[in-house]
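Trainee: See final_26.csv below, with CSV, C-alpha atoms.
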```
chain,number,residue,atom,x,y,z
A,1,MET,CA,-7.3,19.8,-40.6
A,2,ILE,CA,-7.0,17.6,-37.4
A,3,SER,CA,-3.6,16.0,-37.1
A,4,ASN,CA,-3.6,12.3,-36.8
A,5,LYS,CA,-0.2,12.3,-35.1
A,6,LEU,CA,0.3,12.3,-31.4
A,7,LYS,CA,3.4,14.1,-30.1
A,8,VAL,CA,5.2,12.5,-27.2
A,9,SER,CA,8.0,14.4,-25.4
A,10,LEU,CA,10.1,11.9,-23.5
A,11,TYR,CA,12.8,12.5,-20.9
A,12,ARG,CA,15.9,10.6,-22.0
A,13,TYR,CA,19.0,10.1,-20.0
A,14,ASN,CA,21.6,7.4,-20.3
A,15,PRO,CA,24.5,8.2,-17.9
A,16,GLU,CA,26.9,6.0,-20.0
A,17,GLU,CA,26.3,8.1,-23.1
A,18,ASP,CA,24.7,11.4,-22.2
A,19,LYS,CA,26.3,14.2,-20.3
A,20,PHE,CA,22.9,15.8,-19.5
A,21,PRO,CA,19.3,14.6,-19.7
A,22,TYR,CA,17.3,15.9,-22.6
A,23,MET,CA,13.7,15.8,-23.9
A,24,LYS,CA,13.3,13.7,-27.1
A,25,GLU,CA,10.3,14.3,-29.3
A,26,TYR,CA,8.4,11.4,-30.8
A,27,SER,CA,5.5,11.5,-33.3
A,28,ILE,CA,3.2,8.5,-33.3
A,29,GLU,CA,0.1,7.6,-35.2
A,30,LYS,CA,-2.9,8.3,-33.0
A,31,PRO,CA,-4.4,5.0,-31.7
A,32,ASP,CA,-8.0,4.2,-32.8
A,33,ARG,CA,-9.1,3.7,-29.3
A,34,ASP,CA,-8.2,5.2,-25.9
A,35,ILE,CA,-5.1,3.5,-24.6
A,36,MET,CA,-3.2,3.8,-21.4
A,37,VAL,CA,0.1,5.8,-21.2
A,38,LEU,CA,1.9,2.5,-20.6
A,39,ASP,CA,0.6,1.1,-23.9
A,40,LEU,CA,1.8,4.3,-25.5
A,41,LEU,CA,5.3,3.7,-24.1
A,42,HIS,CA,5.2,0.2,-25.5
A,43,LEU,CA,4.3,1.5,-28.9
A,44,LEU,CA,7.2,3.9,-28.7
A,45,LYS,CA,9.5,1.2,-27.5
A,46,GLU,CA,8.7,-0.9,-30.6
A,47,ASP,CA,10.3,1.9,-32.7
A,48,ASP,CA,13.1,2.8,-30.2
A,49,GLN,CA,14.3,-0.1,-28.2
A,50,SER,CA,16.6,2.0,-26.1
A,51,ILE,CA,13.7,3.6,-24.1
A,52,SER,CA,13.7,2.4,-20.5
A,53,PHE,CA,10.9,2.3,-18.0
A,54,ARG,CA,9.6,0.0,-15.2
A,55,ARG,CA,6.4,-1.9,-15.5
A,56,SER,CA,5.0,-5.2,-14.2
A,57,CYS,CA,1.4,-5.9,-13.5
A,58,ARG,CA,-0.1,-3.3,-15.9
A,59,GLU,CA,-3.2,-2.9,-13.8
A,60,GLY,CA,-2.4,-0.5,-11.0
A,61,VAL,CA,-1.4,-3.0,-8.4
A,62,CYS,CA,2.4,-3.3,-8.4
A,63,GLY,CA,3.1,0.5,-8.4
A,64,SER,CA,6.2,0.1,-10.5
A,65,ASP,CA,5.3,2.5,-13.4
A,66,GLY,CA,4.9,5.7,-11.5
A,67,MET,CA,6.0,8.6,-13.6
A,68,ASN,CA,5.3,12.3,-14.2
A,69,ILE,CA,2.7,12.6,-16.9
A,70,ASN,CA,2.1,16.1,-18.3
A,71,GLY,CA,3.3,17.5,-15.0
A,72,LYS,CA,1.3,15.3,-12.7
A,73,ASN,CA,2.5,12.1,-11.1
A,74,GLY,CA,0.5,8.9,-11.8
A,75,LEU,CA,0.6,5.3,-12.8
A,76,ALA,CA,1.1,4.9,-16.6
A,77,CYS,CA,-0.8,1.7,-16.7
A,78,ILE,CA,-4.1,3.1,-15.4
A,79,THR,CA,-3.9,6.6,-16.9
A,80,PRO,CA,-5.8,6.8,-20.2
A,81,ILE,CA,-4.1,9.1,-22.7
A,82,SER,CA,-7.4,11.0,-23.2
A,83,SER,CA,-7.3,12.2,-19.6
A,84,VAL,CA,-3.8,13.7,-19.8
A,85,ILE,CA,-3.4,14.8,-23.5
A,86,LYS,CA,-2.9,18.5,-23.9
A,87,ARG,CA,-2.8,20.1,-27.4
A,88,ASN,CA,-2.2,16.7,-28.9
A,89,LYS,CA,0.9,16.3,-26.8
A,90,ILE,CA,2.0,14.2,-23.9
A,91,GLU,CA,5.1,14.9,-21.8
A,92,LEU,CA,6.6,12.0,-19.8
A,93,ARG,CA,9.3,12.5,-17.2
A,94,PRO,CA,10.6,10.4,-14.3
A,95,LEU,CA,9.2,10.8,-10.8
A,96,PRO,CA,10.6,14.2,-9.6
A,97,GLY,CA,13.2,14.5,-6.8
A,98,LEU,CA,14.7,11.0,-7.0
A,99,PRO,CA,18.0,10.3,-8.8
A,100,VAL,CA,17.5,9.1,-12.4
A,101,ILE,CA,19.1,5.7,-13.3
A,102,ARG,CA,18.1,5.8,-16.9
A,103,ASP,CA,15.2,7.5,-18.8
A,104,LEU,CA,12.0,7.0,-16.7
A,105,VAL,CA,13.7,4.6,-14.2
A,106,VAL,CA,14.5,6.3,-10.8
A,107,ASP,CA,16.6,5.2,-7.9
A,108,MET,CA,14.1,4.6,-5.0
A,109,THR,CA,16.6,3.9,-2.3
A,110,GLU,CA,15.8,7.0,-0.3
A,111,PHE,CA,12.1,6.3,-0.6
A,112,TYR,CA,12.5,2.7,0.7
A,113,ALA,CA,14.9,3.9,3.4
A,114,GLN,CA,12.1,6.1,4.8
A,115,TYR,CA,9.6,3.2,4.6
A,116,GLU,CA,12.0,1.0,6.5
A,117,LYS,CA,12.5,3.7,9.1
A,118,ILE,CA,8.8,3.5,10.2
A,119,LYS,CA,9.1,-0.3,10.9
A,120,PRO,CA,6.2,-1.4,8.6
A,121,PHE,CA,5.3,-4.5,10.4
A,122,LEU,CA,3.1,-5.5,13.4
A,123,GLN,CA,4.9,-5.3,16.7
A,124,ASN,CA,3.2,-7.3,19.4
A,125,GLU,CA,5.3,-9.3,21.9
A,126,THR,CA,2.4,-10.9,23.7
A,127,THR,CA,1.9,-14.6,23.3
A,128,ALA,CA,0.3,-15.3,19.9
A,129,PRO,CA,-3.1,-16.8,20.1
A,130,GLU,CA,-3.7,-20.2,18.6
A,131,GLN,CA,-5.3,-18.9,15.4
A,132,GLU,CA,-5.0,-15.1,14.9
A,133,ARG,CA,-5.2,-11.8,16.8
A,134,LEU,CA,-8.8,-10.7,16.5
A,135,GLN,CA,-10.1,-7.2,15.9
A,136,SER,CA,-13.6,-5.8,16.3
A,137,PRO,CA,-15.2,-4.6,13.0
A,138,GLU,CA,-14.8,-1.0,14.3
A,139,GLU,CA,-11.1,-1.6,14.9
A,140,ARG,CA,-10.7,-3.1,11.5
A,141,ASP,CA,-12.5,-0.2,9.9
A,142,LYS,CA,-9.8,2.2,11.1
A,143,LEU,CA,-7.4,0.5,8.6
A,144,ASP,CA,-9.4,1.3,5.6
A,145,GLY,CA,-7.8,3.9,3.4
A,146,LEU,CA,-4.4,3.0,4.9
A,147,TYR,CA,-3.5,-0.5,4.0
A,148,GLU,CA,-4.3,-0.1,0.2
A,149,CYS,CA,-1.1,1.9,-0.5
A,150,ILE,CA,1.0,0.2,-3.2
A,151,LEU,CA,4.2,2.2,-2.6
A,152,CYS,CA,4.3,3.7,-6.1
A,153,ALA,CA,6.0,6.8,-4.7
A,154,CYS,CA,3.7,9.2,-6.7
A,155,CYS,CA,2.8,11.0,-3.5
A,156,SER,CA,6.2,11.3,-1.9
A,157,THR,CA,7.8,12.5,-5.1
A,158,SER,CA,5.2,15.2,-5.6
A,159,CYS,CA,5.9,16.6,-2.1
A,160,PRO,CA,8.4,19.6,-2.0
A,161,SER,CA,9.3,18.8,1.6
A,162,PHE,CA,10.4,15.3,0.5
A,163,TRP,CA,12.3,16.8,-2.5
A,164,TRP,CA,14.3,19.0,-0.1
A,165,ASN,CA,14.8,16.6,2.8
A,166,PRO,CA,14.3,13.0,1.6
A,167,ASP,CA,16.8,11.8,4.3
A,168,LYS,CA,14.9,13.5,7.2
A,169,PHE,CA,11.3,13.9,6.2
A,170,VAL,CA,9.6,10.5,6.2
A,171,GLY,CA,7.3,11.5,3.3
A,172,PRO,CA,3.5,10.9,2.7
A,173,ALA,CA,3.7,7.3,1.6
A,174,ALA,CA,5.7,6.1,4.6
A,175,LEU,CA,3.7,8.3,7.0
A,176,LEU,CA,0.5,6.8,5.7
A,177,GLN,CA,2.0,3.4,6.6
A,178,ALA,CA,3.2,4.7,9.9
A,179,TYR,CA,-0.4,5.6,10.8
A,180,ARG,CA,-1.6,2.3,9.4
A,181,PHE,CA,0.4,0.6,12.3
A,182,LEU,CA,-0.4,3.4,14.9
A,183,ALA,CA,-4.1,2.9,14.2
A,184,ASP,CA,-3.9,-0.9,14.4
A,185,SER,CA,-5.3,-2.2,17.7
A,186,ARG,CA,-3.0,-5.3,17.5
A,187,ASP,CA,0.2,-3.2,17.4
A,188,LEU,CA,1.6,-2.5,20.9
A,189,LYS,CA,4.5,-0.2,20.1
A,190,THR,CA,2.5,3.0,19.8
A,191,GLN,CA,4.7,5.0,22.2
A,192,GLU,CA,8.0,3.9,20.5
A,193,ARG,CA,6.5,4.7,17.1
A,194,LEU,CA,5.4,8.1,18.1
A,195,GLU,CA,8.8,8.8,19.8
A,196,SER,CA,10.6,8.0,16.6
A,197,LEU,CA,8.4,10.5,14.7
A,198,SER,CA,8.6,13.4,17.2
A,199,ASP,CA,11.6,15.3,15.8
A,200,PRO,CA,11.0,18.5,13.8
A,201,PHE,CA,11.5,16.8,10.4
A,202,SER,CA,9.9,13.3,10.3
A,203,VAL,CA,6.3,14.4,10.4
A,204,TYR,CA,6.3,18.2,11.0
A,205,ARG,CA,7.9,19.0,7.7
A,206,CYS,CA,4.5,18.3,6.2
A,207,HIS,CA,2.9,21.7,5.6
A,208,GLY,CA,-0.3,20.2,4.3
A,209,ILE,CA,-0.2,21.4,0.7
A,210,MET,CA,-2.1,18.2,-0.3
A,211,ASN,CA,0.0,17.4,-3.5
A,212,CYS,CA,0.0,13.8,-2.1
A,213,VAL,CA,-3.8,13.6,-2.1
A,214,ASN,CA,-4.0,15.1,-5.5
A,215,VAL,CA,-1.8,12.5,-7.2
A,216,CYS,CA,-2.5,9.3,-5.3
A,217,PRO,CA,-3.6,6.8,-8.0
A,218,LYS,CA,-5.4,4.7,-5.3
A,219,GLY,CA,-7.4,7.7,-4.1
A,220,LEU,CA,-5.9,7.6,-0.6
A,221,ASN,CA,-5.4,10.6,1.8
A,222,PRO,CA,-1.9,10.6,3.3
A,223,ASN,CA,-2.5,14.2,4.5
A,224,LYS,CA,-5.4,13.0,6.7
A,225,ALA,CA,-3.1,10.3,8.1
A,226,ILE,CA,-0.4,12.8,8.8
A,227,GLY,CA,-3.0,15.0,10.7
A,228,GLU,CA,-3.9,12.0,12.8
A,229,ILE,CA,-0.3,11.3,13.6
A,230,LYS,CA,0.2,15.0,14.7
A,231,SER,CA,-2.9,14.7,16.9
A,232,MET,CA,-1.5,11.5,18.4
A,233,LEU,CA,1.8,13.2,19.0
A,234,HIS,CA,0.1,16.1,20.8
A,235,LYS,CA,-2.1,13.8,22.9
A,236,ASN,CA,0.9,11.7,23.7
A,237,LYS,CA,2.8,14.8,24.9
A,238,LYS,CA,-0.2,15.7,27.1
A,239,ASP,CA,-0.4,12.1,28.5
A,240,ILE,CA,3.3,12.3,29.4
A,241,ILE,CA,2.9,15.6,31.2
A,242,VAL,CA,-0.1,14.3,33.2
A,243,SER,CA,1.6,11.1,34.1
A,244,ASP,CA,4.7,12.9,35.2
A,245,GLY,CA,2.6,15.2,37.3
A,246,VAL,CA,1.0,12.2,39.0
B,1,MET,CA,13.7,20.2,20.3
B,2,LYS,CA,10.5,18.3,19.7
B,3,GLY,CA,8.7,19.0,16.5
B,4,SER,CA,5.4,19.5,18.4
B,5,ILE,CA,6.9,22.4,20.5
B,6,ILE,CA,8.0,24.2,17.3
B,7,TRP,CA,4.6,23.4,15.7
B,8,ASN,CA,2.7,24.7,18.8
B,9,LEU,CA,4.9,27.8,19.0
B,10,GLN,CA,4.1,28.7,15.4
B,11,ARG,CA,0.4,28.1,15.7
B,12,TYR,CA,-0.2,29.7,19.1
B,13,SER,CA,1.9,32.8,18.2
B,14,SER,CA,-0.3,33.3,15.1
B,15,ILE,CA,-3.4,33.0,17.3
B,16,TYR,CA,-2.0,35.5,19.8
B,17,LEU,CA,-1.1,37.9,17.0
B,18,LEU,CA,-4.6,37.7,15.6
B,19,GLY,CA,-6.0,38.4,19.1
B,20,TYR,CA,-3.6,41.3,19.5
B,21,LEU,CA,-4.7,42.9,16.2
B,22,ILE,CA,-8.3,42.5,17.2
B,23,TYR,CA,-7.5,44.1,20.6
B,24,ILE,CA,-5.8,47.1,18.8
B,25,PHE,CA,-8.7,47.6,16.3
B,26,ILE,CA,-11.4,47.4,19.0
B,27,ASN,CA,-9.6,49.9,21.2
B,28,VAL,CA,-8.8,52.3,18.4
B,29,TYR,CA,-12.2,52.3,16.8
B,30,SER,CA,-14.2,52.4,20.0
B,31,SER,CA,-12.8,55.8,21.0
B,32,ASN,CA,-12.5,59.1,19.2
B,33,LEU,CA,-9.3,58.6,17.2
B,34,ASN,CA,-6.8,61.4,17.8
B,35,PHE,CA,-3.2,61.8,18.8
B,36,PHE,CA,-4.0,61.9,22.5
B,37,SER,CA,-6.2,58.9,22.6
B,38,TRP,CA,-3.7,57.0,20.4
B,39,SER,CA,-0.8,57.9,22.7
B,40,GLU,CA,-2.8,57.2,25.9
B,41,PHE,CA,-3.8,53.7,24.6
B,42,PHE,CA,-0.3,52.7,23.6
B,43,LEU,CA,1.3,54.1,26.7
B,44,SER,CA,-1.0,52.2,29.1
B,45,PHE,CA,0.8,49.4,31.0
B,46,GLN,CA,-1.6,46.8,29.7
B,47,THR,CA,-1.0,47.6,26.0
B,48,ARG,CA,2.7,47.8,26.6
B,49,ILE,CA,2.8,44.3,28.1
B,50,LEU,CA,0.6,42.9,25.3
B,51,SER,CA,2.6,44.7,22.6
B,52,SER,CA,5.9,43.4,24.0
B,53,ILE,CA,4.6,39.8,24.0
B,54,ALA,CA,3.3,40.4,20.5
B,55,PHE,CA,6.6,41.5,19.1
B,56,ILE,CA,8.5,38.7,20.9
B,57,LEU,CA,6.1,36.2,19.3
B,58,VAL,CA,6.5,38.0,15.9
B,59,ILE,CA,10.2,37.3,16.1
B,60,THR,CA,9.6,33.7,17.3
B,61,HIS,CA,7.2,33.1,14.5
B,62,ALA,CA,9.6,34.6,11.9
B,63,PHE,CA,12.5,32.6,13.3
B,64,ILE,CA,10.7,29.3,12.9
B,65,GLY,CA,9.6,30.2,9.3
B,66,LEU,CA,13.1,31.4,8.3
B,67,TRP,CA,14.7,28.3,9.9
B,68,THR,CA,12.4,26.1,7.8
B,69,VAL,CA,13.3,28.0,4.7
B,70,GLY,CA,17.0,27.6,5.5
B,71,THR,CA,16.8,23.9,6.1
B,72,ASP,CA,14.8,23.5,2.9
B,73,TYR,CA,16.7,25.6,0.4
B,74,LEU,CA,20.2,26.2,1.8
B,75,THR,CA,21.3,22.5,1.9
B,76,TYR,CA,23.9,20.5,0.0
B,77,ARG,CA,21.1,18.8,-2.0
B,78,THR,CA,18.9,21.8,-2.9
B,79,LEU,CA,21.8,24.1,-3.9
B,80,GLY,CA,23.2,21.1,-5.8
B,81,PHE,CA,20.2,21.4,-8.2
B,82,LEU,CA,21.5,24.9,-9.1
B,83,ASN,CA,25.2,24.3,-9.1
B,84,LYS,CA,27.4,21.6,-7.7
B,85,SER,CA,30.3,23.8,-6.7
B,86,LEU,CA,27.8,26.1,-4.9
B,87,SER,CA,26.4,23.2,-2.9
B,88,LYS,CA,29.9,22.4,-1.3
B,89,TYR,CA,29.5,25.5,0.8
B,90,ALA,CA,25.8,25.0,1.7
B,91,ASP,CA,26.5,24.6,5.5
B,92,ILE,CA,28.5,27.9,5.5
B,93,TYR,CA,25.8,29.8,3.6
B,94,ARG,CA,23.2,28.4,6.0
B,95,LYS,CA,25.2,29.5,9.0
B,96,ILE,CA,25.7,33.0,7.6
B,97,TYR,CA,21.9,33.2,6.9
B,98,TYR,CA,21.1,32.1,10.4
B,99,PHE,CA,23.5,34.5,11.9
B,100,LEU,CA,22.1,37.4,9.8
B,101,PHE,CA,18.4,36.8,10.7
B,102,VAL,CA,19.2,36.2,14.4
B,103,LEU,CA,21.2,39.4,14.5
B,104,LEU,CA,18.5,41.4,12.6
B,105,GLY,CA,15.8,39.8,14.7
B,106,ALA,CA,17.6,40.7,18.0
B,107,MET,CA,18.2,44.3,16.8
B,108,TYR,CA,14.6,44.6,15.7
B,109,LEU,CA,13.3,43.3,19.0
B,110,ALA,CA,15.6,45.5,21.0
B,111,LEU,CA,14.5,48.6,19.1
B,112,VAL,CA,10.8,47.8,19.3
B,113,LEU,CA,11.0,47.1,23.1
B,114,TYR,CA,13.0,50.4,23.5
B,115,ILE,CA,10.2,52.3,21.7
B,116,ILE,CA,7.4,50.6,23.7
B,117,TRP,CA,9.0,51.1,27.2
B,118,LEU,CA,11.1,54.2,27.0
```
Output the structure of this file as C-alpha cells.

Mentor:
Amino acid sequence: MISNKLKVSLYRYNPEEDKFPYMKEYSIEKPDRDIMVLDLLHLLKEDDQSISFRRSCREGVCGSDGMNINGKNGLACITPISSVIKRNKIELRPLPGLPVIRDLVVDMTEFYAQYEKIKPFLQNETTAPEQERLQSPEERDKLDGLYECILCACCSTSCPSFWWNPDKFVGPAALLQAYRFLADSRDLKTQERLESLSDPFSVYRCHGIMNCVNVCPKGLNPNKAIGEIKSMLHKNKKDIIVSDGV
Amino acid sequence: MKGSIIWNLQRYSSIYLLGYLIYIFINVYSSNLNFFSWSEFFLSFQTRILSSIAFILVITHAFIGLWTVGTDYLTYRTLGFLNKSLSKYADIYRKIYYFLFVLLGAMYLALVLYIIWL
C-alpha cells in the first residue's frame, strides 16, 4: 500500500533550550499537488509554531530561504518537493559551514564580510558624464551571467574551501561579484582589485570542484568567473614583469 | 608569497614530472632492457640532472599540497568541529605537522640526491 504520509526530517536547534542540535521527524499528509519546499515548511509551521526559517519573496529573487534540501543546497521557494523527495522523505538542514542561529536560520556575517571585501560597487573617479557611463553592446554582454547573483549563499556554503577558511577564502559568490566588476568596462580599479585578490587564499583556494555550479539556483557559473580572475591575475603578473623590464 | 607563484609551481612541476616520466619510458623501452643499459641510462649526466630536478619538484609539489592540507584541516575552526579542547592547540599541531613534513622531505631529497650522484 502506498503511504499517503510524507516524512520530513528537520534540523532543530534553539540555543536557549537545546544543548545540541537534533533532527526532528515530522509526518505530514501528502499534498494533492506538487508544492515547493517552502510551502511544506509553512504547512509544518502551522502545526509547530516554533520552527524558524527565513523567507521573503517566495519566488527565487530575494535569496533568503537558502537551505540544504536532501543534501543539496537550494532555494526552498523554487524547489518542488517532487524534485528532491527520496523514499517518501525530505531532510532539511541549514546551509552548511555557517553558525546556526536557530533551526534553519544561519549567521551570514562571514559571507557578507567576504562580499564587502571585494568592494562590490563601481569605482570610477573620472568626471561623470551628464547622463550615464555608456558601454558598447559587447562590453555589456560580458556582464551576463554575473550580475544575476542574488547572494543566497548556496554556492559558498557548498564549497569545502569556504567551510575551512571562510575568513580567508573569498568564496564563489563574492568571487563571481569580484569578476562582475573586473569585467565591467566602466570600472577603473582593475589593478587594485587584482592586487587585493593575489594572495594564496582569496582566489587560489578554489580547487575547481564545481559544487558551486552544481547548486546555484540561478544557473550561474562561479567556477568560470574564478578561472577568468586567475587568468587576469596571471596576465597582470606578466604585464608587470614586461613594464618593469621596459 | 603570491598565490599565482604557488599555483604556477604546482602546475608546472606536474607538467615537468609528466615529461620526465615520458622521457624515462621512451629511453627504457627504446633499448634492450637489461641491467647494463638501465645503469648506463641512469648514470648519464643528462639523466642525473633531469632526475635531480624531478625529485626537487616532487618535494616542491608535495610541500604545496601538504601545506594546503594543513591550512585546511589543522586550524582552530576545523578541529573545533571535532572537539573544542582539541582546537585550542591547532596552531601547535600545525607547526609540528609542518616541521615533520619539511624534515622528512629534506631527508628524502638528501637521500635521493645522494643515490643519484654518488

Trainee: Enter the distance from atom CA of A:His234 to atom CA of A:Ser198, in Å, rounded to one decimal.

Mentor: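 If I compute the distance from atom CA of A:His234 to atom CA of A:Ser198, I get 9.6 Å.
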
Trainee: May I have the residues of chain A within 6 Å of chain B, counting only C-alpha atoms, written as a ChimeraX atom specification?

Mentor: /A:164,198-200

Trainee: Got a sec: who's within 10 Å of stretch 101-104 of chain B, counting only C-alpha atoms, leaving out chain neighbours fewer than 2 positions off, as a PyMOL selection string?

Mentor: chain B and resi 59+62-63+66-67+96-99+106-110

Trainee: Find the residue from A:Pro217, A:Gly66, A:Pro21, A:Pro96 that sits nearest to A:Trp163; use all atoms listed in the file when measuring.

Mentor: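 Using all atoms listed in the file, A:Trp163 sits closest to A:Pro96.
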
Trainee: Taking the point (8.7, 3.3, -25.9) as given in the file, collect each protein or nucleic acid residue that comes within 12 Å of it, counting only C-alpha atoms, and present the set as a PyMOL selection string.

Mentor: chain A and resi 8-12+24-28+37-55+92+103-104

Trainee: For a test of reading the model, state the distance in Å between atom CA of A:Lys224 and atom CA of A:Leu176, rounded to one decimal.

Mentor: 8.6 Å

Trainee: Point out the residue among A:Thr109, A:Ser56, A:Asn221, A:Ser158 with the least atom-to-atom distance to A:Asn68, counting only C-alpha atoms.

Mentor: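 Looking at the shortest contact to A:Asn68, the residue is A:Ser158.
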
Trainee: Calculated over all atoms listed in the file, which of the candidates A:Ile78, A:Met232, A:Val100, A:Cys155 has the smallest distance to A:Leu220?

Mentor: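 That would be A:Cys155, the residue with the smallest distance to A:Leu220.
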
Trainee: Suppose you want the space between atom CA of A:Arg87 and atom CA of A:Val215; what is it in Å?

Mentor: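 Taking atom CA of A:Arg87 as the start and atom CA of A:Val215 as the end point, the length is 21.6 Å.
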
Trainee: Calculated over all atoms listed in the file, which of the candidates A:Ile226, A:Ala153, A:Cys212, A:Leu188 has the smallest distance to A:Leu175?

Mentor: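 Of A:Ile226, A:Ala153, A:Cys212, A:Leu188, the one nearest A:Leu175 is A:Ile226, counting all atoms listed in the file.
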
Trainee: So which residues touch A:Leu143 within 10 Å, counting only C-alpha atoms, skipping near sequence neighbours fewer than 3 positions away, as number ranges by chain?

Mentor: A: 138-140, 146-148, 179-185

Trainee: So which residues touch B:Lys95 within 10 Å, counting only C-alpha atoms, skipping near sequence neighbours fewer than 5 positions away, as a list of chain:residue names?

Mentor: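 Neighbouring residues, sequence-local ones excluded: B:Gly70, B:Leu74, B:Ala90, B:Leu100.
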
Trainee: I'd like the contact shell of A:Leu197 - 9 Å cut-off, all atoms listed in the file, skipping same-chain residues fewer than 5 positions apart - returned as a PyMOL selection string.

Mentor: (chain A and resi 118+170+192+202-204+229+233) or (chain B and resi 3)

Trainee: When you count only C-alpha atoms, which of these residues is closest to A:Phe111: A:Asn236, A:Asn165, A:Asn211, A:Gln191?

Mentor: A:Asn165

Trainee: Considering all atoms listed in the file, state which residue in the set A:Lys117, A:Arg193, A:Arg186, A:His207 is at the smallest distance from A:Asp167.

Mentor: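 Selected residue with least distance to A:Asp167: A:Lys117.
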